>>> print(open('protein21.pdb').read())   # PDB, C-alpha atoms
ATOM      1  CA  MET S 133     101.189 122.660 105.462
ATOM      2  CA  LYS S 134     103.967 120.402 104.210
ATOM      3  CA  ILE S 135     104.030 116.631 104.227
ATOM      4  CA  ILE S 136     107.154 115.155 105.782
ATOM      5  CA  LEU S 137     108.162 111.556 105.102
ATOM      6  CA  GLY S 138     110.372 110.190 107.847
ATOM      7  CA  SER S 139     111.962 107.446 105.767
ATOM      8  CA  LYS S 140     114.859 106.892 103.413
ATOM      9  CA  SER S 141     113.119 103.904 101.801
ATOM     10  CA  PRO S 142     113.012 104.307  98.022
ATOM     11  CA  ARG S 143     109.887 102.127  97.972
ATOM     12  CA  ARG S 144     107.989 104.388 100.396
ATOM     13  CA  LYS S 145     108.999 107.434  98.360
ATOM     14  CA  GLU S 146     107.804 105.723  95.183
ATOM     15  CA  LEU S 147     104.468 104.733  96.746
ATOM     16  CA  LEU S 148     103.743 108.247  98.060
ATOM     17  CA  LYS S 149     104.534 109.668  94.617
ATOM     18  CA  GLN S 150     102.141 107.133  93.057
ATOM     19  CA  MET S 151      99.482 108.411  95.475
ATOM     20  CA  GLY S 152     100.025 111.926  94.104
ATOM     21  CA  ILE S 153     101.474 113.209  97.367
ATOM     22  CA  SER S 154     104.228 115.840  97.351
ATOM     23  CA  PHE S 155     106.550 115.502 100.316
ATOM     24  CA  GLU S 156     109.921 116.297 101.814
ATOM     25  CA  VAL S 157     112.162 113.734 103.499
ATOM     26  CA  TYR S 158     113.483 114.183 107.015
ATOM     27  CA  LEU S 159     115.188 111.357 108.874
ATOM     28  CA  SER S 160     115.230 110.514 112.540
ATOM     29  CA  GLU S 161     117.281 107.583 113.730
ATOM     30  CA  VAL S 162     115.662 105.582 116.492
ATOM     31  CA  ASN S 163     117.562 102.536 117.608
ATOM     32  CA  GLU S 164     115.584  99.955 119.503
ATOM     33  CA  ASP S 165     116.571  96.645 120.998
ATOM     34  CA  ILE S 166     114.096  93.945 120.068
ATOM     35  CA  LYS S 167     114.543  92.418 123.526
ATOM     36  CA  ASP S 168     112.749  95.452 125.009
ATOM     37  CA  PHE S 169     109.432  94.476 123.398
ATOM     38  CA  LYS S 170     106.892  91.766 124.115
ATOM     39  CA  ASN S 171     106.343  90.772 120.468
ATOM     40  CA  PRO S 172     107.226  91.819 116.897
ATOM     41  CA  GLN S 173     104.052  93.874 116.467
ATOM     42  CA  ASP S 174     104.838  95.870 119.613
ATOM     43  CA  TYR S 175     108.382  96.437 118.358
ATOM     44  CA  VAL S 176     107.363  97.745 114.923
ATOM     45  CA  THR S 177     104.552  99.920 116.308
ATOM     46  CA  LYS S 178     106.670 101.582 118.975
ATOM     47  CA  THR S 179     109.555 102.102 116.564
ATOM     48  CA  ALA S 180     107.297 103.883 114.031
ATOM     49  CA  PHE S 181     105.780 105.958 116.848
ATOM     50  CA  LYS S 182     109.160 107.050 118.245
ATOM     51  CA  LYS S 183     110.445 108.015 114.795
ATOM     52  CA  GLY S 184     107.266 109.937 114.020
ATOM     53  CA  LYS S 185     107.096 111.698 117.375
ATOM     54  CA  ALA S 186     110.711 112.886 117.051
ATOM     55  CA  ILE S 187     110.057 114.335 113.586
ATOM     56  CA  SER S 188     106.721 115.868 114.645
ATOM     57  CA  GLN S 189     108.600 117.904 117.248
ATOM     58  CA  VAL S 190     110.697 119.410 114.443
ATOM     59  CA  PHE S 191     107.666 119.965 112.165
ATOM     60  CA  PRO S 192     104.738 120.581 114.558
ATOM     61  CA  ASN S 193     102.468 122.200 111.941
ATOM     62  CA  ASP S 194     103.059 119.689 109.154
ATOM     63  CA  LEU S 195     101.778 116.193 108.429
ATOM     64  CA  VAL S 196     104.441 113.666 109.389
ATOM     65  CA  ILE S 197     104.365 110.162 107.936
ATOM     66  CA  CYS S 198     106.690 107.507 109.348
ATOM     67  CA  ALA S 199     106.614 103.768 108.882
ATOM     68  CA  ASP S 200     108.546 100.730 109.961
ATOM     69  CA  THR S 201     108.269  97.305 108.339
ATOM     70  CA  ILE S 202     109.341  93.930 109.652
ATOM     71  CA  VAL S 203     109.107  90.379 108.403
ATOM     72  CA  THR S 204     108.390  87.613 110.892
ATOM     73  CA  HIS S 205     108.618  83.881 110.461
ATOM     74  CA  ARG S 206     107.333  81.789 113.346
ATOM     75  CA  ASN S 207     107.429  84.901 115.562
ATOM     76  CA  HIS S 208     111.112  85.494 114.759
ATOM     77  CA  ILE S 209     111.977  88.885 113.241
ATOM     78  CA  LEU S 210     113.953  88.779 110.010
ATOM     79  CA  GLU S 211     115.706  92.113 109.613
ATOM     80  CA  LYS S 212     117.747  93.348 106.657
ATOM     81  CA  PRO S 213     120.526  90.856 105.888
ATOM     82  CA  LYS S 214     124.024  92.287 106.065
ATOM     83  CA  THR S 215     125.911  89.471 104.355
ATOM     84  CA  LYS S 216     125.353  86.960 101.577
ATOM     85  CA  GLU S 217     125.261  84.220 104.208
ATOM     86  CA  GLU S 218     122.518  85.992 106.192
ATOM     87  CA  ALA S 219     120.492  86.565 103.014
ATOM     88  CA  HIS S 220     120.835  82.898 102.053
ATOM     89  CA  GLN S 221     119.774  81.787 105.527
ATOM     90  CA  MET S 222     116.706  84.066 105.486
ATOM     91  CA  ILE S 223     115.509  82.910 102.081
ATOM     92  CA  GLN S 224     116.138  79.293 103.055
ATOM     93  CA  GLU S 225     113.968  79.867 106.136
ATOM     94  CA  LEU S 226     111.152  81.574 104.196
ATOM     95  CA  GLN S 227     110.942  79.269 101.180
ATOM     96  CA  GLY S 228     108.179  76.689 101.184
ATOM     97  CA  ASP S 229     106.349  78.370 104.054
ATOM     98  CA  ALA S 230     104.202  81.344 105.044
ATOM     99  CA  HIS S 231     105.388  84.382 106.982
ATOM    100  CA  PHE S 232     103.976  87.745 108.036
ATOM    101  CA  VAL S 233     104.902  91.280 107.076
ATOM    102  CA  TYR S 234     103.946  94.011 109.535
ATOM    103  CA  THR S 235     104.089  97.697 108.715
ATOM    104  CA  ALA S 236     103.341 100.200 111.437
ATOM    105  CA  VAL S 237     102.518 103.721 110.284
ATOM    106  CA  TYR S 238     102.636 106.949 112.289
ATOM    107  CA  LEU S 239     100.640 109.947 111.080
ATOM    108  CA  GLY S 240     101.019 113.153 113.064
ATOM    109  CA  LEU S 241      99.525 116.590 112.486
ATOM    110  CA  LYS S 242      99.565 119.212 115.251
ATOM    111  CA  ASP S 243      97.815 117.608 118.222
ATOM    112  CA  LYS S 244      96.430 114.668 116.219
ATOM    113  CA  THR S 245      98.312 111.390 116.114
ATOM    114  CA  LYS S 246      97.332 108.113 114.495
ATOM    115  CA  VAL S 247      99.394 104.934 114.688
ATOM    116  CA  PHE S 248      98.224 101.724 113.082
ATOM    117  CA  ILE S 249      99.647  98.394 112.023
ATOM    118  CA  GLU S 250      98.881  96.414 108.906
ATOM    119  CA  GLU S 251      99.493  92.656 108.567
ATOM    120  CA  THR S 252     100.022  90.721 105.343
ATOM    121  CA  LYS S 253     100.567  86.972 105.110
ATOM    122  CA  VAL S 254     102.924  85.895 102.332
ATOM    123  CA  THR S 255     103.517  82.306 101.226
ATOM    124  CA  ILE S 256     106.720  81.523  99.366
ATOM    125  CA  ASP S 257     106.943  78.588  96.983
ATOM    126  CA  HIS S 258     109.552  75.890  97.463
ATOM    127  CA  MET S 259     112.910  76.976  96.097
ATOM    128  CA  SER S 260     115.836  74.836  95.060
ATOM    129  CA  GLU S 261     119.295  75.541  96.403
ATOM    130  CA  ALA S 262     120.222  76.844  92.935
ATOM    131  CA  GLU S 263     117.251  79.258  92.944
ATOM    132  CA  ILE S 264     118.170  80.551  96.396
ATOM    133  CA  GLU S 265     121.758  81.057  95.296
ATOM    134  CA  GLU S 266     120.673  82.776  92.067
ATOM    135  CA  TYR S 267     118.441  85.158  94.023
ATOM    136  CA  VAL S 268     121.037  85.975  96.675
ATOM    137  CA  ASN S 269     123.507  86.796  93.892
ATOM    138  CA  THR S 270     121.174  89.496  92.501
ATOM    139  CA  ASN S 271     122.149  91.784  95.410
ATOM    140  CA  GLU S 272     118.428  92.549  95.811
ATOM    141  CA  PRO S 273     118.144  91.201  99.396
ATOM    142  CA  TYR S 274     120.393  93.615 101.261
ATOM    143  CA  ASP S 275     118.274  96.691 101.999
ATOM    144  CA  LYS S 276     115.001  94.901 102.629
ATOM    145  CA  ALA S 277     113.428  93.407 105.732
ATOM    146  CA  GLY S 278     113.288  89.650 105.284
ATOM    147  CA  GLY S 279     115.810  89.846 102.466
ATOM    148  CA  TYR S 280     113.396  90.211  99.571
ATOM    149  CA  ALA S 281     111.469  92.679  97.441
ATOM    150  CA  ILE S 282     108.063  91.357  96.408
ATOM    151  CA  GLN S 283     108.044  93.757  93.445
ATOM    152  CA  GLY S 284     111.472  92.624  92.261
ATOM    153  CA  PHE S 285     113.159  89.447  91.057
ATOM    154  CA  PHE S 286     111.887  87.581  94.126
ATOM    155  CA  GLY S 287     108.259  88.096  93.062
ATOM    156  CA  ARG S 288     108.504  84.933  90.951
ATOM    157  CA  TYR S 289     108.622  82.868  94.159
ATOM    158  CA  VAL S 290     105.596  84.439  95.860
ATOM    159  CA  LYS S 291     102.915  81.756  95.812
ATOM    160  CA  LYS S 292     100.165  83.539  97.729
ATOM    161  CA  ILE S 293      99.495  86.840  99.448
ATOM    162  CA  GLU S 294      96.732  87.578 101.949
ATOM    163  CA  GLY S 295      96.380  91.270 102.664
ATOM    164  CA  ASP S 296      97.771  94.472 101.218
ATOM    165  CA  TYR S 297     100.438  93.970  98.541
ATOM    166  CA  TYR S 298     101.797  97.470  99.130
ATOM    167  CA  ASN S 299     102.199  96.681 102.815
ATOM    168  CA  VAL S 300     104.863  94.166 101.814
ATOM    169  CA  MET S 301     106.623  96.963  99.903
ATOM    170  CA  GLY S 302     106.637  99.066 103.080
ATOM    171  CA  LEU S 303     103.513 101.245 103.025
ATOM    172  CA  PRO S 304      99.865 100.109 103.064
ATOM    173  CA  VAL S 305      98.730 102.673 100.498
ATOM    174  CA  ASN S 306      94.948 102.439 100.838
ATOM    175  CA  ARG S 307      94.979 102.564 104.632
ATOM    176  CA  VAL S 308      97.429 105.490 104.639
ATOM    177  CA  TYR S 309      95.178 107.365 102.205
ATOM    178  CA  ARG S 310      92.052 106.730 104.304
ATOM    179  CA  GLU S 311      93.761 107.760 107.564
ATOM    180  CA  ILE S 312      95.179 110.950 106.016
ATOM    181  CA  LYS S 313      91.656 111.875 104.886
ATOM    182  CA  LYS S 314      90.373 111.321 108.439
ATOM    183  CA  LEU S 315      92.977 113.817 109.672
ATOM    184  CA  GLY S 316      91.408 116.388 107.342
ATOM    185  CA  CYS S 317      94.183 116.519 104.762
TER     186      CYS S 317
END
>>> encode(input="protein21.pdb", output="structure tokens")
Amino acid sequence: MKIILGSKSPRRKELLKQMGISFEVYLSEVNEDIKDFKNPQDYVTKTAFKKGKAISQVFPNDLVICADTIVTHRNHILEKPKTKEEAHQMIQELQGDAHFVYTAVYLGLKDKTKVFIEETKVTIDHMSEAEIEEYVNTNEPYDKAGGYAIQGFFGRYVKKIEGDYYNVMGLPVNRVYREIKKLGC
């Protein structure tokens, strides 16, 4: 049995390696319109499920791991910023307040499927305009939901975290480990 990671995220790859898991990467693009879902949690869960299900059809005898992470502030999804202006706007919105990070994980092996969602509350300290500008100029925001990497330069502004730190990086490590064990792997 192989383990297939359905993600191009360097952070998810790094976290699986830290867990001592050998894996191959296989990507499945699932495009969803947020308007089709009743809330952010529904969106992230169904997106992870669709990605995982598609890959499980290609690798029916292997363990498939897929995840999707979103950042929400006041029930508004903050996706990956595409421009400096979007990144600035996101960080401006997040600073001085709390927000939620949701990661939905799909685990599939033969006829067994497990999908779960993990929630982490993150509070960001107040940031000056100069600090926001300095951060946005690091180019760190652009491939991350919410425009930040907790383990990177932005970590200096994280005031409080309630929940799984690794969830904010994109994969709730302990929960993934426990659920994989339940599948008999």
>>> residues_around(input="protein21.pdb", residues="region 175-181 of chain S", least_positions_apart="2", cutoff="6 Å", atoms="all atoms listed in the file", output="list in words")
Phe169, Pro172, Gln173, Lys183, Gly184, Lys185, Cys198, Ala199, Asp200, Ala236 and Tyr238 of chain S
>>> atom_distance(input="protein21.pdb", atom1="CA of His205 (chain S)", atom2="CA of Leu239 (chain S)")
27.3 Å
>>> residues_around(input="protein21.pdb", residues="Ile312 (chain S)", least_positions_apart="3", cutoff="10 Å", atoms="all atoms listed in the file", output="JSON, numbers by chain")
{"S": [195, 197, 239, 240, 241, 246, 306, 307, 308, 309, 315, 316, 317]}
>>> closest_residue(input="protein21.pdb", among="S:Leu148, S:Ile202, S:Ala262, S:Leu159", to="Val190 (chain S)", atoms="only C-alpha atoms")
S:Leu159
>>> residues_near_point(input="protein21.pdb", point="(114.9, 94.9, 98.4)", cutoff="10 Å", atoms="only C-alpha atoms", output="ChimeraX atom specification")
/S:141-143,212,271-286,301
>>> atom_distance(input="protein21.pdb", atom1="CA of Tyr158 (chain S)", atom2="CA of Pro304 (chain S)")
20.0 Å
>>> atom_distance(input="protein21.pdb", atom1="CA of Ala186 (chain S)", atom2="CA of Val203 (chain S)")
24.2 Å
>>> closest_residue(input="protein21.pdb", among="S:Gly295, S:Gly287, S:Pro213, S:Gly302", to="Val268 (chain S)", atoms="all atoms listed in the file")
S:Pro213
>>> residues_around(input="protein21.pdb", residues="Val157 (chain S)", least_positions_apart="6", cutoff="10 Å", atoms="only C-alpha atoms", output="compact mmCIF listing (two decimals) with C-alpha atoms, in the frame of the given file")
# COMPACT_ATOMS: atom_id res chain seq x y z
CA ILE S 135 104.03 116.63 104.23
CA ILE S 136 107.15 115.16 105.78
CA LEU S 137 108.16 111.56 105.10
CA GLY S 138 110.37 110.19 107.85
CA SER S 139 111.96 107.45 105.77
CA LYS S 140 114.86 106.89 103.41
CA LYS S 145 109.00 107.43 98.36
CA VAL S 196 104.44 113.67 109.39
CA ILE S 197 104.36 110.16 107.94
>>> closest_residue(input="protein21.pdb", among="S:Asp296, S:Asp194, S:Glu266, S:Glu146", to="Ala219 (chain S)", atoms="all atoms listed in the file")
S:Glu266
>>> closest_residue(input="protein21.pdb", among="S:Thr235, S:Thr204, S:Thr270, S:Leu226", to="His258 (chain S)", atoms="all atoms listed in the file")
S:Leu226
>>> build_atoms(input="protein21.pdb", residues="region 277-311 of chain S", atoms="N, CA and C atoms", output="tab-separated table (two decimals), keeping the file's coordinate frame")
chain	number	residue	atom	x	y	z
S	277	ALA	N	113.80	94.29	104.63
S	277	ALA	CA	113.43	93.41	105.73
S	277	ALA	C	113.05	92.05	105.16
S	278	GLY	N	113.57	90.99	105.76
S	278	GLY	CA	113.29	89.65	105.28
S	278	GLY	C	114.13	89.24	104.10
S	279	GLY	N	114.90	90.17	103.55
S	279	GLY	CA	115.81	89.85	102.47
S	279	GLY	C	115.18	89.74	101.09
S	280	TYR	N	113.98	90.29	100.91
S	280	TYR	CA	113.40	90.21	99.57
S	280	TYR	C	112.53	91.42	99.26
S	281	ALA	N	112.37	91.64	97.95
S	281	ALA	CA	111.47	92.68	97.44
S	281	ALA	C	110.39	91.97	96.63
S	282	ILE	N	109.16	92.05	97.09
S	282	ILE	CA	108.06	91.36	96.41
S	282	ILE	C	107.89	91.87	94.98
S	283	GLN	N	108.22	93.15	94.76
S	283	GLN	CA	108.04	93.76	93.44
S	283	GLN	C	109.25	93.54	92.55
S	284	GLY	N	110.25	92.84	93.03
S	284	GLY	CA	111.47	92.62	92.26
S	284	GLY	C	111.60	91.20	91.74
S	285	PHE	N	112.83	90.78	91.56
S	285	PHE	CA	113.16	89.45	91.06
S	285	PHE	C	112.50	88.36	91.90
S	286	PHE	N	112.42	88.59	93.20
S	286	PHE	CA	111.89	87.58	94.13
S	286	PHE	C	110.40	87.32	93.92
S	287	GLY	N	109.69	88.24	93.28
S	287	GLY	CA	108.26	88.10	93.06
S	287	GLY	C	107.88	86.78	92.40
S	288	ARG	N	108.78	86.20	91.63
S	288	ARG	CA	108.50	84.93	90.95
S	288	ARG	C	108.30	83.78	91.92
S	289	TYR	N	108.75	83.94	93.16
S	289	TYR	CA	108.62	82.87	94.16
S	289	TYR	C	107.45	83.07	95.11
S	290	VAL	N	106.73	84.17	94.97
S	290	VAL	CA	105.60	84.44	95.86
S	290	VAL	C	104.39	83.63	95.36
S	291	LYS	N	104.00	82.67	96.18
S	291	LYS	CA	102.92	81.76	95.81
S	291	LYS	C	101.54	82.33	96.14
S	292	LYS	N	101.46	83.04	97.27
S	292	LYS	CA	100.16	83.54	97.73
S	292	LYS	C	100.39	84.74	98.64
S	293	ILE	N	99.44	85.68	98.56
S	293	ILE	CA	99.50	86.84	99.45
S	293	ILE	C	98.09	87.08	99.99
S	294	GLU	N	98.01	87.29	101.29
S	294	GLU	CA	96.73	87.58	101.95
S	294	GLU	C	96.88	88.91	102.67
S	295	GLY	N	96.26	89.93	102.10
S	295	GLY	CA	96.38	91.27	102.66
S	295	GLY	C	96.86	92.25	101.61
S	296	ASP	N	97.38	93.36	102.07
S	296	ASP	CA	97.77	94.47	101.22
S	296	ASP	C	99.15	94.23	100.59
S	297	TYR	N	99.18	94.14	99.28
S	297	TYR	CA	100.44	93.97	98.54
S	297	TYR	C	101.42	95.09	98.87
S	298	TYR	N	100.92	96.33	98.89
S	298	TYR	CA	101.80	97.47	99.13
S	298	TYR	C	102.36	97.47	100.54
S	299	ASN	N	101.68	96.82	101.46
S	299	ASN	CA	102.20	96.68	102.82
S	299	ASN	C	103.53	95.94	102.79
S	300	VAL	N	103.63	94.94	101.93
S	300	VAL	CA	104.86	94.17	101.81
S	300	VAL	C	105.98	95.03	101.24
S	301	MET	N	105.63	96.02	100.43
S	301	MET	CA	106.62	96.96	99.90
S	301	MET	C	107.03	98.01	100.94
S	302	GLY	N	106.24	98.15	102.02
S	302	GLY	CA	106.64	99.07	103.08
S	302	GLY	C	105.65	100.16	103.41
S	303	LEU	N	104.50	100.21	102.71
S	303	LEU	CA	103.51	101.24	103.02
S	303	LEU	C	102.13	100.80	102.54
S	304	PRO	N	101.22	100.53	103.46
S	304	PRO	CA	99.86	100.11	103.06
S	304	PRO	C	99.10	101.30	102.49
S	305	VAL	N	99.17	101.47	101.20
S	305	VAL	CA	98.73	102.67	100.50
S	305	VAL	C	97.27	103.05	100.80
S	306	ASN	N	96.36	102.11	100.65
S	306	ASN	CA	94.95	102.44	100.84
S	306	ASN	C	94.67	102.90	102.26
S	307	ARG	N	95.21	102.20	103.22
S	307	ARG	CA	94.98	102.56	104.63
S	307	ARG	C	95.60	103.93	104.94
S	308	VAL	N	96.79	104.18	104.43
S	308	VAL	CA	97.43	105.49	104.64
S	308	VAL	C	96.54	106.59	104.05
S	309	TYR	N	96.05	106.38	102.85
S	309	TYR	CA	95.18	107.36	102.20
S	309	TYR	C	93.93	107.64	103.05
S	310	ARG	N	93.27	106.56	103.51
S	310	ARG	CA	92.05	106.73	104.30
S	310	ARG	C	92.33	107.46	105.62
S	311	GLU	N	93.43	107.14	106.27
S	311	GLU	CA	93.76	107.76	107.56
S	311	GLU	C	94.16	109.22	107.39
